[in-house]
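Okay, structure first, notes after.
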Amino acid sequence: MSRKQFLVVLAVLAVLAVAAAGVSLSDRSAWTSAGSRAGQNALAGLRISDVAEIAIRDSSGGLHLQRGPTGWSVRERADFPADTDRVAGLLVKLAEMKVVQSEALIDSQRARLDLAEPGDKATGAGTSLELKDAKGGVLGRLLLGKTIVKASATASMGRPEAEATGRYLVANDQPGNVLAVGDPLLQVVAKPQEWLLKDLLRVEGSKTISSSRGWTVTRDTESADWRFVGSGQRPDLQKATDLASSLGWVNLVDVVADPAKADTGLDHPVKIQSRTFDGLTYTLDIGKRVDANYYVRFAVSGEPPKARAPAKGEKAEDKAKNDKEFEERRKKLLDKLAGEQRLEAWTYMVSKTTLDPLLRDRQQLMPEKKPAKKT
């Protein structure tokens, strides 16, 4: 190669090096500009106390959580109380959520990252989350896209091979950037039933349980065995215990938004009634079964005793202590009664697993006959 050719090649290489450096600096400058939000709050300046409404929407529908004088409620379920712990947990996350990195968002990337605006069967649609104040003003909006996953270190222990560790999203103040945050926000779903307060009834200390299917069982104390009223027969011990257990832990699956439009079967229900040792009466109306759930309504009446009967031989020094414990328990019962009576206004779906023991007829409550021994 001649000296002239060598100088030409050297000049070309120098030009290419300068161009490459320029591209590198340009890319780095763009990333730095886009990534300037790293470490900042995704919803800057959000104050939890200002939030009065949470609206969530995806391609399947919408959800509205509203804060009122008595707490949070779900609009799509006839304003039934929402799970306050779940709502509070989400708001704390949103107020504290930091941006891990950010980058300019190209429109062609939206569908790939599930960051298209939610609509009916929209391709690559995300989940929108909007926070409003009491006057309807928007406090913040996020469009949530794909979750960020990584290989799980515990996959060999039978757990999933990948776990969600973050999420892509677009914030209202920077619609042209895609942000990555370190929380997958899996609880943000537009399914009303997921946000309902699930605790429905806790019937404590049933003394008598009866059914419109022709049976009544009773017991003298909470530790005594059950027996049929008006008969010398006794029910199967485990089946009778299941009756009280079913009433002692009744959770709802869903709330019926418009019972008038549903064929609930509650005009001719199976009626279950429990009278407790504390003087309360619970009445459950069980209607038609739909898939794995029954339509249910309930009512609670009565009042706990106002006075305590002193125990035989009770010492004077024990009376003050026992009276105090009695009053504290009575207050808790009255608060519980008031809370349950507030829930009488709605119609529910309750799982058949909970209600099946209560729907047995008298014969099904009897002990199973043992096969005769062969001689």
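Going by the structure tokens order, chains are called A, B, ..., each with residues numbered from 1, while ligands are numbered from 1 in the order shown.
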
* 9 Å contact set for Arg75 of chain A, only C-alpha atoms, chain neighbours under 4 positions out, as a ChimeraX atom specification -> /A:63-66,79-80,192

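Distances here use only C-alpha atoms; by that measure, the residue among A:Thr218, A:Ser60, A:Thr347, A:Thr353 closest to Ser128 of chain A is A:Ser60.
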
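The interatomic distance for the pair atom CA of Gln193 of chain A and atom CA of Met349 of chain A works out to 10.4 Å.
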
* **Which residue of A:Leu247, A:Ile286, A:Val270, A:Val253 approaches Ser206 of chain A most closely, using only C-alpha atoms** => A:Leu247

* Show which residues sit within 6 Å of Val99 of chain A, as a VMD selection string. Count only C-alpha atoms, and ignore same-chain residues fewer than 2 positions away. => chain A and resid 38 to 40 42 101 180 to 181

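Of note, atom CA of Asp225 of chain A and atom CA of Ala244 of chain A are spaced 11.9 Å apart.
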
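The shell of residues at most 9 Å from Leu197 of chain A, with only C-alpha atoms counted and near chain neighbours (fewer than 2 positions) removed, consists of Phe80, Pro81, Ala82, Asp83, Thr84, Gln193, Glu194, Trp195, Asp199, Leu200, Asn251 and Leu252 of chain A.
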
Please dump the current selection as a compact mmCIF listing (two decimals), in the first residue's frame; keep N, CA and C atoms.
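Final output, saved to again_23.txt:
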```txt
# COMPACT_ATOMS: atom_id res chain seq x y z
N PHE A 80 -71.79 -1.68 47.59
CA PHE A 80 -71.44 -2.57 48.70
C PHE A 80 -70.06 -2.20 49.22
N PRO A 81 -69.82 -2.37 50.53
CA PRO A 81 -68.51 -2.01 51.10
C PRO A 81 -67.35 -2.73 50.43
N ALA A 82 -66.29 -1.97 50.18
CA ALA A 82 -65.08 -2.52 49.60
C ALA A 82 -64.14 -3.01 50.70
N ASP A 83 -63.19 -3.84 50.32
CA ASP A 83 -62.16 -4.32 51.25
C ASP A 83 -61.21 -3.15 51.53
N THR A 84 -61.38 -2.52 52.67
CA THR A 84 -60.61 -1.32 53.00
C THR A 84 -59.11 -1.58 53.03
N GLN A 193 -65.83 -8.04 41.95
CA GLN A 193 -65.89 -9.03 43.02
C GLN A 193 -64.57 -9.18 43.77
N GLU A 194 -63.46 -8.78 43.13
CA GLU A 194 -62.17 -8.90 43.78
C GLU A 194 -61.98 -7.83 44.87
N TRP A 195 -62.77 -6.77 44.84
CA TRP A 195 -62.59 -5.65 45.75
C TRP A 195 -63.62 -5.63 46.88
N ASP A 199 -66.04 -10.82 54.28
CA ASP A 199 -66.63 -11.30 55.53
C ASP A 199 -68.11 -10.94 55.57
N LEU A 200 -68.96 -11.95 55.69
CA LEU A 200 -70.40 -11.70 55.68
C LEU A 200 -71.02 -11.97 57.04
N ASN A 251 -68.59 -16.50 54.06
CA ASN A 251 -67.98 -15.47 53.21
C ASN A 251 -68.78 -15.36 51.91
N LEU A 252 -68.84 -14.16 51.38
CA LEU A 252 -69.53 -13.99 50.10
C LEU A 252 -68.56 -14.24 48.95
```

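Between atom CA of Arg202 of chain A and atom CA of Lys336 of chain A there is a distance of 9.0 Å.
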
* Within 6 Å of Asp50 of chain A using only C-alpha atoms, minus same-chain residues under 2 positions, as a VMD selection string -> chain A and resid 47 to 48 133

Per residue of segment 227-307 of chain A within 9 Å of segment 311-332 of chain A, note the shortest atom pair and the distance in Å to one decimal, counting only C-alpha atoms, and order the rows by chain and increasing residue number, as JSON lines.
```
{"residue": "A:Pro304", "atom": "CA", "partner": "A:Arg330", "partner_atom": "CA", "distance": 6.5}
{"residue": "A:Pro305", "atom": "CA", "partner": "A:Arg330", "partner_atom": "CA", "distance": 7.7}
{"residue": "A:Lys306", "atom": "CA", "partner": "A:Arg330", "partner_atom": "CA", "distance": 7.8}
{"residue": "A:Ala307", "atom": "CA", "partner": "A:Phe326", "partner_atom": "CA", "distance": 8.4}
```

Could you save those same residues with N, CA and C atoms as a PDB file, in the first residue's frame?
```pdb
ATOM      1  N   PRO A 304     -78.224  -8.818  72.800  1.00  0.00           N
ATOM      2  CA  PRO A 304     -77.548  -9.555  73.876  1.00  0.00           C
ATOM      3  C   PRO A 304     -78.129  -9.193  75.233  1.00  0.00           C
ATOM      4  N   PRO A 305     -78.062 -10.083  76.201  1.00  0.00           N
ATOM      5  CA  PRO A 305     -78.583  -9.797  77.544  1.00  0.00           C
ATOM      6  C   PRO A 305     -77.955  -8.530  78.116  1.00  0.00           C
ATOM      7  N   LYS A 306     -78.788  -7.748  78.840  1.00  0.00           N
ATOM      8  CA  LYS A 306     -78.304  -6.495  79.417  1.00  0.00           C
ATOM      9  C   LYS A 306     -77.670  -6.691  80.789  1.00  0.00           C
ATOM     10  N   ALA A 307     -78.010  -7.792  81.439  1.00  0.00           N
ATOM     11  CA  ALA A 307     -77.482  -8.043  82.778  1.00  0.00           C
ATOM     12  C   ALA A 307     -76.853  -9.422  82.849  1.00  0.00           C
TER      13      ALA A 307
END
```

Set the distance at 10 Å and use only C-alpha atoms: which residues neighbour Ser212 of chain A once local chain neighbours fewer than 4 positions away are removed? I'd like the list as a PDB file with C-alpha atoms, in the first residue's frame.
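The resulting file, selection09.pdb, is shown below:
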```pdb
ATOM      1  CA  THR A 216     -84.484 -28.517  64.248  1.00  0.00           C
ATOM      2  CA  PRO A 269     -86.153 -20.126  49.572  1.00  0.00           C
ATOM      3  CA  VAL A 270     -84.833 -22.788  51.865  1.00  0.00           C
ATOM      4  CA  LYS A 271     -84.919 -21.005  55.208  1.00  0.00           C
ATOM      5  CA  ILE A 272     -82.228 -21.639  57.822  1.00  0.00           C
ATOM      6  CA  GLN A 273     -82.516 -20.058  61.276  1.00  0.00           C
ATOM      7  CA  ASP A 285     -82.793 -17.446  52.804  1.00  0.00           C
ATOM      8  CA  LEU A 359     -79.183 -27.904  52.921  1.00  0.00           C
ATOM      9  CA  ASP A 361     -82.766 -32.914  54.967  1.00  0.00           C
TER      10      ASP A 361
END
```

* Output as a PyMOL selection string all residues of segment 244-354 of chain A that backbone DSSP marks as alpha helix (DSSP H). => chain A and resi 244-248+316-342+352-354

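Contact shell of Arg77 of chain A at 9 Å (only C-alpha atoms; same-chain neighbours under 6 positions omitted): Pro192, Gln193, Leu196, Asp254, Val255, Val256, Ala257 and Asp258 of chain A.
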